[in-house]
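Okay, structure first, notes after.
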Amino acid sequence: MAAAAKQDQPDRQQLHRIVEGLSDGVILIEPDERIVWANAAALAMHGCTRTAELGDTIQAYQQRFELRLRDGHKLPATAYPMARLCRGESFEDVIVDVRRTHQSEPDWVHRERGFVLDRDGKPDCLVLIIGDATEAFEAEERFESMFNANPAPALIVRLADLRYVRVNEGFLELSGWERDQIVGRSMYEFDILAQAAEKDKATARLAKGDCIPQMEADLPLPSGDGKLVLLAGHPAEMPNNEPCMIFTFADLEPRRRAELALRQSEERFATAFRFAPVPMVLTSLDGHRMLNVNHAFLALTEWGHDSVVGRKPAEIELFESSATRREIEKKVAESGSFRGYEVQIKTRTGALVTCLASAETVSINGQYCILAAFQDISERKRTELDLIAAIESAMQDSSWLSQKIMDRLADLRRGTSETKSSTRAVELTPREREVLALITQGKADDAIASALALKRTTVRNHVARLYAKIGAHSRAEAIIWARDRGHQLGLDTSN
């Protein structure tokens with residue numbers, strides 16, 4: 001018996017010498033559960049310097065070291081790798097967190113495998129081989145932490161088999177998928193490149209492991225719909241050195257909805273512009289080139305659409321004079337808009353149409369433009385002139401009758417005698433009084449300009465300011481106002 005023991009001893013010593021210098025840890029255990037030897041690497045992976053510090057038996061080892069699976073679950077004593085070896089089990093790649101008992105955090109991560117050495121058909125020596133996976137798993141944890149903390153939606157495809165191995169919270173929120181619905185599936189089952197703008201290019205680059213440039217794609221959703229995204233692929237390596245492709249995504253759906261809303265808004269504007277009963281023209285802010293005109297404008301001016309679009313108002317002599325055109329452009333340049341400016345529009349045949357012009361600066365398709373509208377008041381102007389002529393005729397025939405007419409018209413204008421007594425005082429300049437007096441005599445702007453030695457445009461400015469002060473909208477209203485207050489203002493309204 002003693003001779004047999006001596007015969008066995010050199011074999012164990014030779015085994016010790018073989019494994020002593022290995023980088024992997026090796027622990028030898030007897031079938032009776034005694035821990036008899038460990039190399040330096042195994043001791044270092046437990047923070048020990050002598051085999052005895054591991055414990056004399058596997059029960060002592062279990063009391064000194066706590067093992068947990070990577071998911072945090074504590075291993076029962078019967079599941080410890082040493083215990084499995086003592087039951088005659090062999091195993092590969094058991095990953096465990098190892099910590100000293102009562103420690104809150106693991107000290108090491110071990111990748112363990114075990115096998116049984118037989119002699120004469122009976123277990124002779126139990127061998128536990130330990131690889132230190134601490135750094136690898138710490139690197140993987142850092143990678144996981146950074147990947148999951150990345151606010152940009154992302155997922156990782158393993159290039160070896162094109163399977164999804166990682167997905168972060170950003171992607172799950174973006175897509176509505178659950179993690180277990182993505183991880184483990186292949187790109188053949190869930191193809192994020194199926195609706196990419198440059199699918200063939202992206203697929204070819206993925207096969208080569210090359211960078212995939214940014215491109216738009218419709219991302220499949222659980223509902224069966226798609227979401228517009230901007231995706232890109234970046235080649236990388238997992239902590240275990242496996243080549244992979246990291247796909248990142250940006251949500252373009254808000255942009256698509258905004259573009260759709262803008263397009264619908266512009267379509268509604270175009271429809272309203274085209275069929276509006278008021279003549280309208282859209283011109284560029286820079287250069288005042290006509291971009292579009294509506295049907296009412298073409299009917300008013302007798303021009304054809306292609307004859308005016310793309311041209312400037314000066315090229316078709318749209319206004320009665322270049323001075324009027326420059327005045328309008330000046331008003332737009334100074335304030336960006338104006339209201340109720342009386343102008344005369346020239347038709348294709350040269351006829352003049354009196355209009356009230358209004359303009360506003362608007363943005364169309366990202367371009368600032370001027371939207372101008374023209375209200376045809378020619379008929380109203382003719383009615384006013386006819387009324388003035390009738391009033392002047394009546395005054396020439398019978399002064400007493402004209403005075404009664406004036407009083408009656410004034411009463412209609414004021415509404416009641418009480419309103420007459422509460423009329424606010426109006427301060428007119430000497431020049432405005434002169435212009436008002438000539439208006440009451442039925443003189444047109446040209447005649448007033450000649451009588452006062454003024455330019456026609458100056459007269460028109462005086463008239464506009466005068467209307468604003470007295471609240472008149474026409475010459476007839478101005479005449480009635482002046483006849484009623486001539487004695488107060490010192491106007492000569494007897495002619």
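Chain identifiers are assigned as A, B, and so on, following the order in which chains appear in the structure tokens; residues are numbered from 1 within each chain, and ligands are numbered from 1 in order of appearance.
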
- Message: Taking 6 positions as the minimum chain separation for residues in the same chain, which residues sit within 9 Å of Ile212 in chain A when counting only C-alpha atoms? Answer as an MDAnalysis selection string.
- Response: chainID A and resid 201:203 205:206 231:235 247

Requested write-out: N, CA and C atoms of the selected residues, as a PDB file, in the first residue's frame:
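Saved to part-v2.pdb:
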```pdb
ATOM      1  N   LYS A 201     -26.299  49.665 -51.649  1.00  0.00           N
ATOM      2  CA  LYS A 201     -25.017  50.195 -51.183  1.00  0.00           C
ATOM      3  C   LYS A 201     -24.785  49.830 -49.721  1.00  0.00           C
ATOM      4  N   ALA A 202     -25.830  49.991 -48.899  1.00  0.00           N
ATOM      5  CA  ALA A 202     -25.700  49.698 -47.471  1.00  0.00           C
ATOM      6  C   ALA A 202     -25.447  48.213 -47.243  1.00  0.00           C
ATOM      7  N   THR A 203     -26.144  47.351 -47.992  1.00  0.00           N
ATOM      8  CA  THR A 203     -25.967  45.906 -47.829  1.00  0.00           C
ATOM      9  C   THR A 203     -24.559  45.467 -48.222  1.00  0.00           C
ATOM     10  N   ARG A 205     -21.821  47.303 -48.156  1.00  0.00           N
ATOM     11  CA  ARG A 205     -20.862  47.788 -47.164  1.00  0.00           C
ATOM     12  C   ARG A 205     -20.950  46.972 -45.875  1.00  0.00           C
ATOM     13  N   LEU A 206     -22.158  46.544 -45.521  1.00  0.00           N
ATOM     14  CA  LEU A 206     -22.312  45.702 -44.325  1.00  0.00           C
ATOM     15  C   LEU A 206     -21.585  44.379 -44.518  1.00  0.00           C
ATOM     16  N   LEU A 231     -30.357  56.649 -40.630  1.00  0.00           N
ATOM     17  CA  LEU A 231     -29.504  55.633 -40.004  1.00  0.00           C
ATOM     18  C   LEU A 231     -28.084  55.699 -40.564  1.00  0.00           C
ATOM     19  N   ALA A 232     -27.162  55.173 -39.800  1.00  0.00           N
ATOM     20  CA  ALA A 232     -25.765  55.078 -40.219  1.00  0.00           C
ATOM     21  C   ALA A 232     -25.151  53.872 -39.519  1.00  0.00           C
ATOM     22  N   GLY A 233     -24.158  53.239 -40.153  1.00  0.00           N
ATOM     23  CA  GLY A 233     -23.495  52.083 -39.574  1.00  0.00           C
ATOM     24  C   GLY A 233     -22.015  52.339 -39.354  1.00  0.00           C
ATOM     25  N   HIS A 234     -21.514  51.926 -38.177  1.00  0.00           N
ATOM     26  CA  HIS A 234     -20.110  52.155 -37.815  1.00  0.00           C
ATOM     27  C   HIS A 234     -19.480  50.827 -37.399  1.00  0.00           C
ATOM     28  N   PRO A 235     -18.479  50.331 -38.117  1.00  0.00           N
ATOM     29  CA  PRO A 235     -17.834  49.070 -37.728  1.00  0.00           C
ATOM     30  C   PRO A 235     -17.107  49.216 -36.393  1.00  0.00           C
ATOM     31  N   PHE A 247     -25.338  50.316 -35.457  1.00  0.00           N
ATOM     32  CA  PHE A 247     -26.265  51.170 -36.200  1.00  0.00           C
ATOM     33  C   PHE A 247     -26.851  52.225 -35.260  1.00  0.00           C
TER      34      PHE A 247
END
```

Would you list, as a compact mmCIF listing (two decimals) with all heavy atoms, in the first residue's frame, the residues of range 27-132 of chain A that end up in alpha helix (DSSP H) under DSSP run on this structure's backbone?
```txt
# COMPACT_ATOMS: atom_id res chain seq x y z
N ALA A 40 0.06 29.12 -8.83
CA ALA A 40 0.12 30.54 -8.44
C ALA A 40 -1.00 31.35 -9.07
O ALA A 40 -1.57 32.27 -8.46
CB ALA A 40 1.49 31.12 -8.84
N ALA A 41 -1.36 31.03 -10.33
CA ALA A 41 -2.41 31.79 -11.01
C ALA A 41 -3.75 31.59 -10.31
O ALA A 41 -4.52 32.54 -10.11
CB ALA A 41 -2.51 31.35 -12.48
N ALA A 42 -4.06 30.35 -9.91
CA ALA A 42 -5.33 30.08 -9.21
C ALA A 42 -5.37 30.79 -7.87
O ALA A 42 -6.42 31.33 -7.46
CB ALA A 42 -5.51 28.58 -9.02
N LEU A 43 -4.21 30.79 -7.15
CA LEU A 43 -4.17 31.49 -5.86
C LEU A 43 -4.38 32.99 -6.05
O LEU A 43 -5.13 33.63 -5.28
CB LEU A 43 -2.82 31.21 -5.17
CG LEU A 43 -2.58 29.75 -4.74
CD1 LEU A 43 -1.15 29.60 -4.22
CD2 LEU A 43 -3.61 29.33 -3.69
N ALA A 44 -3.73 33.56 -7.07
CA ALA A 44 -3.86 35.00 -7.31
C ALA A 44 -5.31 35.37 -7.64
O ALA A 44 -5.79 36.45 -7.27
CB ALA A 44 -2.94 35.42 -8.46
N ILE A 58 -13.81 21.37 -0.04
CA ILE A 58 -14.71 22.24 -0.83
C ILE A 58 -15.74 22.90 0.09
O ILE A 58 -16.22 24.00 -0.21
CB ILE A 58 -15.39 21.47 -1.97
CG1 ILE A 58 -16.30 20.37 -1.41
CG2 ILE A 58 -14.37 20.88 -2.94
CD1 ILE A 58 -17.17 19.73 -2.49
N GLN A 59 -16.09 22.26 1.22
CA GLN A 59 -17.02 22.90 2.15
C GLN A 59 -16.38 24.14 2.77
O GLN A 59 -17.04 25.18 2.92
CB GLN A 59 -17.44 21.92 3.27
CG GLN A 59 -18.34 20.77 2.82
CD GLN A 59 -17.56 19.64 2.17
OE1 GLN A 59 -16.31 19.64 2.20
NE2 GLN A 59 -18.28 18.69 1.58
N ALA A 60 -15.09 24.04 3.11
CA ALA A 60 -14.38 25.21 3.64
C ALA A 60 -14.28 26.30 2.57
O ALA A 60 -14.40 27.50 2.86
CB ALA A 60 -12.99 24.79 4.13
N TYR A 61 -14.06 25.90 1.30
CA TYR A 61 -14.02 26.86 0.19
C TYR A 61 -15.36 27.59 0.06
O TYR A 61 -15.40 28.82 -0.10
CB TYR A 61 -13.68 26.13 -1.11
CG TYR A 61 -13.63 27.04 -2.33
CD1 TYR A 61 -12.46 27.67 -2.70
CD2 TYR A 61 -14.77 27.23 -3.11
CE1 TYR A 61 -12.43 28.51 -3.81
CE2 TYR A 61 -14.75 28.06 -4.22
CZ TYR A 61 -13.57 28.71 -4.58
OH TYR A 61 -13.54 29.53 -5.67
N GLN A 62 -16.44 26.85 0.20
CA GLN A 62 -17.77 27.45 0.07
C GLN A 62 -18.04 28.45 1.19
O GLN A 62 -18.78 29.42 1.00
CB GLN A 62 -18.83 26.36 0.06
CG GLN A 62 -18.81 25.49 -1.19
CD GLN A 62 -19.66 24.24 -1.07
OE1 GLN A 62 -20.15 23.91 0.02
NE2 GLN A 62 -19.82 23.52 -2.17
N GLN A 63 -17.45 28.23 2.35
CA GLN A 63 -17.63 29.17 3.45
C GLN A 63 -16.81 30.44 3.26
O GLN A 63 -17.20 31.51 3.74
CB GLN A 63 -17.24 28.49 4.77
CG GLN A 63 -18.17 27.35 5.17
CD GLN A 63 -17.68 26.59 6.38
OE1 GLN A 63 -16.60 26.89 6.92
NE2 GLN A 63 -18.48 25.61 6.84
N ARG A 64 -15.67 30.31 2.56
CA ARG A 64 -14.78 31.47 2.40
C ARG A 64 -15.08 32.28 1.13
O ARG A 64 -14.81 33.48 1.09
CB ARG A 64 -13.32 30.99 2.36
CG ARG A 64 -12.90 30.30 3.64
CD ARG A 64 -11.46 29.85 3.59
NE ARG A 64 -11.08 29.10 4.80
CZ ARG A 64 -9.85 28.74 5.08
NH1 ARG A 64 -8.86 29.04 4.26
NH2 ARG A 64 -9.61 28.06 6.18
N PRO A 81 -18.73 24.68 -8.93
CA PRO A 81 -17.96 23.82 -9.84
C PRO A 81 -17.21 22.71 -9.12
O PRO A 81 -17.13 21.57 -9.62
CB PRO A 81 -17.02 24.81 -10.53
CG PRO A 81 -17.76 26.11 -10.52
CD PRO A 81 -18.50 26.11 -9.22
N MET A 82 -16.61 22.98 -7.94
CA MET A 82 -15.89 21.94 -7.21
C MET A 82 -16.83 20.82 -6.80
O MET A 82 -16.47 19.62 -6.87
CB MET A 82 -15.23 22.54 -5.97
CG MET A 82 -14.06 23.46 -6.27
SD MET A 82 -13.29 24.03 -4.72
CE MET A 82 -12.02 25.12 -5.37
N ALA A 83 -18.06 21.19 -6.38
CA ALA A 83 -19.02 20.17 -5.97
C ALA A 83 -19.44 19.31 -7.15
O ALA A 83 -19.63 18.09 -7.02
CB ALA A 83 -20.24 20.82 -5.33
N ARG A 84 -19.59 19.93 -8.31
CA ARG A 84 -19.96 19.17 -9.51
C ARG A 84 -18.86 18.19 -9.89
O ARG A 84 -19.13 17.07 -10.33
CB ARG A 84 -20.26 20.15 -10.65
CG ARG A 84 -21.49 21.01 -10.42
CD ARG A 84 -21.67 22.05 -11.51
NE ARG A 84 -21.87 21.40 -12.82
CZ ARG A 84 -21.98 22.09 -13.96
NH1 ARG A 84 -21.90 23.43 -13.94
NH2 ARG A 84 -22.16 21.45 -15.10
N LEU A 85 -17.59 18.62 -9.73
CA LEU A 85 -16.48 17.72 -10.01
C LEU A 85 -16.50 16.51 -9.08
O LEU A 85 -16.25 15.37 -9.51
CB LEU A 85 -15.15 18.46 -9.87
CG LEU A 85 -14.70 19.33 -11.05
CD1 LEU A 85 -13.46 20.12 -10.68
CD2 LEU A 85 -14.43 18.46 -12.28
N CYS A 86 -16.80 16.75 -7.82
CA CYS A 86 -16.82 15.65 -6.87
C CYS A 86 -17.94 14.66 -7.18
O CYS A 86 -17.86 13.49 -6.77
CB CYS A 86 -16.98 16.18 -5.44
SG CYS A 86 -15.48 17.03 -4.84
```

- Non-local contacts of Phe65 in chain A (9 Å; only C-alpha atoms; under 3 positions in same chain excluded) as a PyMOL selection string: chain A and resi 46+54+60-62+98-102

Write out as CSV a residue-level contact list of range 248-344 of chain A versus range 463-480 of chain A with cut-off 12 Å: for each qualifying residue the closest pair of atoms and the distance in Å to one decimal, counting only C-alpha atoms, rows sorted by chain and residue number upward.
```
residue,atom,partner,partner_atom,distance
A:Gly340,CA,A:Ala464,CA,10.2
A:Tyr341,CA,A:Ala464,CA,8.9
A:Glu342,CA,A:Ala464,CA,8.9
A:Val343,CA,A:Ala464,CA,11.9
```

- Query: Using only C-alpha atoms, which of the listed residues (A:Glu140, A:Asp118, A:Glu302, A:Glu266) sits closest to Glu237 in chain A?
  - Reply: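 Selected residue with least distance to Glu237 in chain A: A:Glu140.
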
Fewer than 2 positions away in the same chain doesn't count, so skip those; otherwise give me all residues within 12 Å of Phe190 in chain A, counting only C-alpha atoms, as an mmCIF file with N, CA, C and O atoms, in the first residue's frame.
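File produced: around-v1.cif:
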```
data_model
loop_
_atom_site.group_PDB
_atom_site.id
_atom_site.type_symbol
_atom_site.label_atom_id
_atom_site.label_comp_id
_atom_site.auth_asym_id
_atom_site.auth_seq_id
_atom_site.Cartn_x
_atom_site.Cartn_y
_atom_site.Cartn_z
ATOM 1 N N VAL A 157 -25.137 44.720 -34.565
ATOM 2 C CA VAL A 157 -25.256 43.495 -35.352
ATOM 3 C C VAL A 157 -23.899 42.808 -35.362
ATOM 4 O O VAL A 157 -22.876 43.434 -35.663
ATOM 5 N N LEU A 162 -24.751 38.088 -38.641
ATOM 6 C CA LEU A 162 -25.742 39.159 -38.851
ATOM 7 C C LEU A 162 -26.908 39.048 -37.865
ATOM 8 O O LEU A 162 -28.070 39.253 -38.224
ATOM 9 N N ARG A 163 -26.562 38.743 -36.607
ATOM 10 C CA ARG A 163 -27.586 38.704 -35.564
ATOM 11 C C ARG A 163 -27.448 39.925 -34.655
ATOM 12 O O ARG A 163 -26.348 40.413 -34.418
ATOM 13 N N TYR A 164 -28.598 40.390 -34.171
ATOM 14 C CA TYR A 164 -28.603 41.526 -33.254
ATOM 15 C C TYR A 164 -28.185 41.041 -31.880
ATOM 16 O O TYR A 164 -28.799 40.109 -31.329
ATOM 17 N N TRP A 177 -40.409 48.365 -30.097
ATOM 18 C CA TRP A 177 -40.117 46.936 -29.948
ATOM 19 C C TRP A 177 -39.688 46.644 -28.518
ATOM 20 O O TRP A 177 -39.194 47.529 -27.806
ATOM 21 N N GLN A 181 -37.605 40.918 -28.486
ATOM 22 C CA GLN A 181 -38.089 40.794 -29.857
ATOM 23 C C GLN A 181 -36.997 41.131 -30.876
ATOM 24 O O GLN A 181 -37.166 40.864 -32.068
ATOM 25 N N ILE A 182 -35.904 41.711 -30.397
ATOM 26 C CA ILE A 182 -34.817 42.128 -31.293
ATOM 27 C C ILE A 182 -33.569 41.272 -31.084
ATOM 28 O O ILE A 182 -33.044 40.675 -32.027
ATOM 29 N N VAL A 183 -33.093 41.214 -29.850
ATOM 30 C CA VAL A 183 -31.832 40.527 -29.568
ATOM 31 C C VAL A 183 -31.961 39.037 -29.891
ATOM 32 O O VAL A 183 -32.924 38.375 -29.484
ATOM 33 N N GLY A 184 -31.007 38.535 -30.653
ATOM 34 C CA GLY A 184 -30.999 37.134 -31.055
ATOM 35 C C GLY A 184 -31.565 36.905 -32.442
ATOM 36 O O GLY A 184 -31.306 35.858 -33.053
ATOM 37 N N ARG A 185 -32.344 37.861 -32.961
ATOM 38 C CA ARG A 185 -32.883 37.712 -34.310
ATOM 39 C C ARG A 185 -31.827 38.121 -35.330
ATOM 40 O O ARG A 185 -30.903 38.878 -35.024
ATOM 41 N N SER A 186 -31.982 37.650 -36.540
ATOM 42 C CA SER A 186 -31.035 38.004 -37.600
ATOM 43 C C SER A 186 -31.630 39.097 -38.481
ATOM 44 O O SER A 186 -32.846 39.361 -38.454
ATOM 45 N N MET A 187 -30.772 39.697 -39.274
ATOM 46 C CA MET A 187 -31.228 40.737 -40.185
ATOM 47 C C MET A 187 -32.088 40.164 -41.310
ATOM 48 O O MET A 187 -32.781 40.917 -41.997
ATOM 49 N N TYR A 188 -32.042 38.864 -41.488
ATOM 50 C CA TYR A 188 -32.930 38.246 -42.477
ATOM 51 C C TYR A 188 -34.373 38.227 -41.975
ATOM 52 O O TYR A 188 -35.318 38.251 -42.761
ATOM 53 N N ILE A 192 -33.478 46.022 -41.054
ATOM 54 C CA ILE A 192 -33.591 47.472 -40.911
ATOM 55 C C ILE A 192 -33.175 48.214 -42.175
ATOM 56 O O ILE A 192 -33.418 49.418 -42.302
ATOM 57 N N LEU A 193 -32.557 47.503 -43.118
ATOM 58 C CA LEU A 193 -32.119 48.134 -44.362
ATOM 59 C C LEU A 193 -33.085 47.885 -45.518
ATOM 60 O O LEU A 193 -32.846 48.359 -46.633
ATOM 61 N N ALA A 194 -34.191 47.181 -45.252
ATOM 62 C CA ALA A 194 -35.099 46.797 -46.336
ATOM 63 C C ALA A 194 -35.655 48.007 -47.069
ATOM 64 O O ALA A 194 -35.821 47.994 -48.292
ATOM 65 N N GLN A 195 -35.963 49.080 -46.333
ATOM 66 C CA GLN A 195 -36.536 50.277 -46.944
ATOM 67 C C GLN A 195 -35.564 51.454 -46.909
ATOM 68 O O GLN A 195 -35.985 52.608 -46.887
ATOM 69 N N LEU A 219 -38.106 52.519 -40.851
ATOM 70 C CA LEU A 219 -37.839 51.494 -39.839
ATOM 71 C C LEU A 219 -39.116 50.705 -39.578
ATOM 72 O O LEU A 219 -40.159 51.294 -39.262
ATOM 73 N N PRO A 220 -39.087 49.357 -39.700
ATOM 74 C CA PRO A 220 -40.291 48.557 -39.429
ATOM 75 C C PRO A 220 -40.711 48.678 -37.964
ATOM 76 O O PRO A 220 -39.884 48.626 -37.061
ATOM 77 N N LEU A 221 -42.015 48.836 -37.743
ATOM 78 C CA LEU A 221 -42.559 48.951 -36.395
ATOM 79 C C LEU A 221 -43.397 47.717 -36.065
ATOM 80 O O LEU A 221 -43.838 46.998 -36.965
ATOM 81 N N PRO A 222 -43.639 47.448 -34.790
ATOM 82 C CA PRO A 222 -44.448 46.277 -34.419
ATOM 83 C C PRO A 222 -45.835 46.298 -35.043
ATOM 84 O O PRO A 222 -46.416 45.249 -35.299
ATOM 85 N N GLY A 224 -46.624 47.121 -37.955
ATOM 86 C CA GLY A 224 -46.569 46.882 -39.387
ATOM 87 C C GLY A 224 -46.330 48.142 -40.190
ATOM 88 O O GLY A 224 -46.070 48.082 -41.396
#
```

- Work out how far apart CA of Gln103 in chain A and CA of Glu89 in chain A are and give it in Å to one decimal.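 Going from CA of Gln103 in chain A over to CA of Glu89 in chain A, I get 29.1 Å.
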
- Task: Could you tell me how far CA of Phe249 in chain A lies from CA of Ala154 in chain A, in Å and to one decimal?
- Result: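 CA of Phe249 in chain A sits 6.2 Å away from CA of Ala154 in chain A.
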
- Identify, on the basis of only C-alpha atoms, every residue whose closest approach to Gly114 in chain A does not exceed 10 Å; exclude the query and any residue fewer than 6 positions from it along the same chain; express the result as an MDAnalysis selection string. chainID A and resid 26:27 81:82 84:85 88:94 126:130

Write the residues of the selection above to a file with all heavy atoms, as a short mmCIF file (atom, residue, chain, number, x, y, z; two decimals), in the first residue's frame.
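part-v4.cif written:
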```cif
data_model
loop_
_atom_site.label_atom_id
_atom_site.label_comp_id
_atom_site.auth_asym_id
_atom_site.auth_seq_id
_atom_site.Cartn_x
_atom_site.Cartn_y
_atom_site.Cartn_z
N VAL A 26 -5.11 26.51 -11.90
CA VAL A 26 -5.42 25.08 -11.80
C VAL A 26 -5.50 24.70 -10.33
O VAL A 26 -4.59 25.01 -9.53
CB VAL A 26 -4.35 24.21 -12.50
CG1 VAL A 26 -4.67 22.72 -12.31
CG2 VAL A 26 -4.24 24.56 -13.96
N ILE A 27 -6.60 24.05 -9.96
CA ILE A 27 -6.78 23.56 -8.59
C ILE A 27 -7.03 22.05 -8.68
O ILE A 27 -7.88 21.61 -9.47
CB ILE A 27 -7.98 24.25 -7.90
CG1 ILE A 27 -7.73 25.76 -7.79
CG2 ILE A 27 -8.21 23.65 -6.51
CD1 ILE A 27 -8.88 26.53 -7.17
N PRO A 81 -18.73 24.68 -8.93
CA PRO A 81 -17.96 23.82 -9.84
C PRO A 81 -17.21 22.71 -9.12
O PRO A 81 -17.13 21.57 -9.62
CB PRO A 81 -17.02 24.81 -10.53
CG PRO A 81 -17.76 26.11 -10.52
CD PRO A 81 -18.50 26.11 -9.22
N MET A 82 -16.61 22.98 -7.94
CA MET A 82 -15.89 21.94 -7.21
C MET A 82 -16.83 20.82 -6.80
O MET A 82 -16.47 19.62 -6.87
CB MET A 82 -15.23 22.54 -5.97
CG MET A 82 -14.06 23.46 -6.27
SD MET A 82 -13.29 24.03 -4.72
CE MET A 82 -12.02 25.12 -5.37
N ARG A 84 -19.59 19.93 -8.31
CA ARG A 84 -19.96 19.17 -9.51
C ARG A 84 -18.86 18.19 -9.89
O ARG A 84 -19.13 17.07 -10.33
CB ARG A 84 -20.26 20.15 -10.65
CG ARG A 84 -21.49 21.01 -10.42
CD ARG A 84 -21.67 22.05 -11.51
NE ARG A 84 -21.87 21.40 -12.82
CZ ARG A 84 -21.98 22.09 -13.96
NH1 ARG A 84 -21.90 23.43 -13.94
NH2 ARG A 84 -22.16 21.45 -15.10
N LEU A 85 -17.59 18.62 -9.73
CA LEU A 85 -16.48 17.72 -10.01
C LEU A 85 -16.50 16.51 -9.08
O LEU A 85 -16.25 15.37 -9.51
CB LEU A 85 -15.15 18.46 -9.87
CG LEU A 85 -14.70 19.33 -11.05
CD1 LEU A 85 -13.46 20.12 -10.68
CD2 LEU A 85 -14.43 18.46 -12.28
N GLY A 88 -18.46 13.78 -10.18
CA GLY A 88 -18.01 13.14 -11.40
C GLY A 88 -18.42 13.87 -12.67
O GLY A 88 -18.27 13.34 -13.77
N GLU A 89 -18.93 15.12 -12.57
CA GLU A 89 -19.36 15.88 -13.75
C GLU A 89 -18.17 16.61 -14.37
O GLU A 89 -17.28 17.11 -13.66
CB GLU A 89 -20.41 16.91 -13.37
CG GLU A 89 -21.71 16.35 -12.86
CD GLU A 89 -22.72 17.45 -12.55
OE1 GLU A 89 -22.67 18.51 -13.23
OE2 GLU A 89 -23.52 17.26 -11.63
N SER A 90 -18.17 16.68 -15.68
CA SER A 90 -17.24 17.55 -16.40
C SER A 90 -18.05 18.69 -17.03
O SER A 90 -19.23 18.51 -17.38
CB SER A 90 -16.50 16.76 -17.50
OG SER A 90 -15.70 15.75 -16.93
N PHE A 91 -17.44 19.85 -17.20
CA PHE A 91 -18.21 21.01 -17.71
C PHE A 91 -17.25 21.97 -18.40
O PHE A 91 -16.03 21.93 -18.20
CB PHE A 91 -18.97 21.70 -16.58
CG PHE A 91 -18.14 21.98 -15.36
CD1 PHE A 91 -17.35 23.11 -15.27
CD2 PHE A 91 -18.13 21.07 -14.29
CE1 PHE A 91 -16.58 23.35 -14.15
CE2 PHE A 91 -17.36 21.30 -13.17
CZ PHE A 91 -16.58 22.46 -13.09
N GLU A 92 -17.82 22.86 -19.20
CA GLU A 92 -17.06 23.87 -19.94
C GLU A 92 -17.70 25.24 -19.72
O GLU A 92 -18.94 25.37 -19.65
CB GLU A 92 -17.05 23.56 -21.44
CG GLU A 92 -16.36 22.27 -21.82
CD GLU A 92 -14.85 22.41 -21.84
OE1 GLU A 92 -14.36 23.56 -21.84
OE2 GLU A 92 -14.16 21.37 -21.85
N ASP A 93 -16.89 26.26 -19.64
CA ASP A 93 -17.31 27.66 -19.67
C ASP A 93 -18.44 27.98 -18.69
O ASP A 93 -19.52 28.44 -19.07
CB ASP A 93 -17.74 28.08 -21.09
CG ASP A 93 -16.55 28.25 -22.00
OD1 ASP A 93 -15.45 28.52 -21.49
OD2 ASP A 93 -16.72 28.10 -23.23
N VAL A 94 -18.18 27.77 -17.43
CA VAL A 94 -19.07 28.23 -16.38
C VAL A 94 -18.55 29.60 -15.93
O VAL A 94 -17.41 29.72 -15.46
CB VAL A 94 -19.11 27.24 -15.20
CG1 VAL A 94 -19.93 27.82 -14.05
CG2 VAL A 94 -19.67 25.91 -15.65
N LEU A 126 -9.36 15.34 -9.51
CA LEU A 126 -10.34 16.28 -10.06
C LEU A 126 -9.61 17.58 -10.38
O LEU A 126 -8.96 18.16 -9.50
CB LEU A 126 -11.47 16.53 -9.07
CG LEU A 126 -12.09 15.27 -8.43
CD1 LEU A 126 -13.18 15.65 -7.45
CD2 LEU A 126 -12.63 14.34 -9.51
N VAL A 127 -9.74 18.05 -11.60
CA VAL A 127 -8.99 19.24 -12.04
C VAL A 127 -9.96 20.37 -12.36
O VAL A 127 -10.86 20.21 -13.21
CB VAL A 127 -8.12 18.92 -13.28
CG1 VAL A 127 -7.33 20.16 -13.68
CG2 VAL A 127 -7.20 17.74 -13.00
N LEU A 128 -9.82 21.50 -11.68
CA LEU A 128 -10.61 22.72 -11.95
C LEU A 128 -9.69 23.75 -12.60
O LEU A 128 -8.68 24.15 -12.00
CB LEU A 128 -11.19 23.27 -10.65
CG LEU A 128 -12.07 24.52 -10.81
CD1 LEU A 128 -13.34 24.20 -11.60
CD2 LEU A 128 -12.43 25.11 -9.44
N ILE A 129 -9.98 24.11 -13.81
CA ILE A 129 -9.17 25.09 -14.55
C ILE A 129 -9.93 26.41 -14.56
O ILE A 129 -11.12 26.47 -14.94
CB ILE A 129 -8.90 24.61 -15.98
CG1 ILE A 129 -8.15 23.27 -15.95
CG2 ILE A 129 -8.10 25.65 -16.74
CD1 ILE A 129 -7.93 22.67 -17.31
N ILE A 130 -9.24 27.49 -14.18
CA ILE A 130 -9.89 28.80 -14.02
C ILE A 130 -9.21 29.82 -14.92
O ILE A 130 -7.98 29.95 -14.92
CB ILE A 130 -9.79 29.28 -12.55
CG1 ILE A 130 -10.39 28.24 -11.61
CG2 ILE A 130 -10.49 30.62 -12.39
CD1 ILE A 130 -10.17 28.56 -10.14
#
```

- Coordinates-based distance that separates CA of Tyr368 in chain A from CA of Asp286 in chain A (Å, one decimal):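 Pair CA of Asp286 in chain A / CA of Tyr368 in chain A returns 8.5 Å.
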
- Query: Using only C-alpha atoms, which residue out of A:Phe374, A:Gly176, A:Lys312, A:Asn150 lies closest to Arg339 in chain A?
  - Reply: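 When distances to Arg339 in chain A are compared using only C-alpha atoms, the smallest one comes from A:Phe374.
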
- Item | Members of range 53-162 of chain A assigned strand (DSSP E or B) by DSSP, as a ChimeraX atom specification | /A:57,65-68,74,91-100,108-119,122-132,154-158
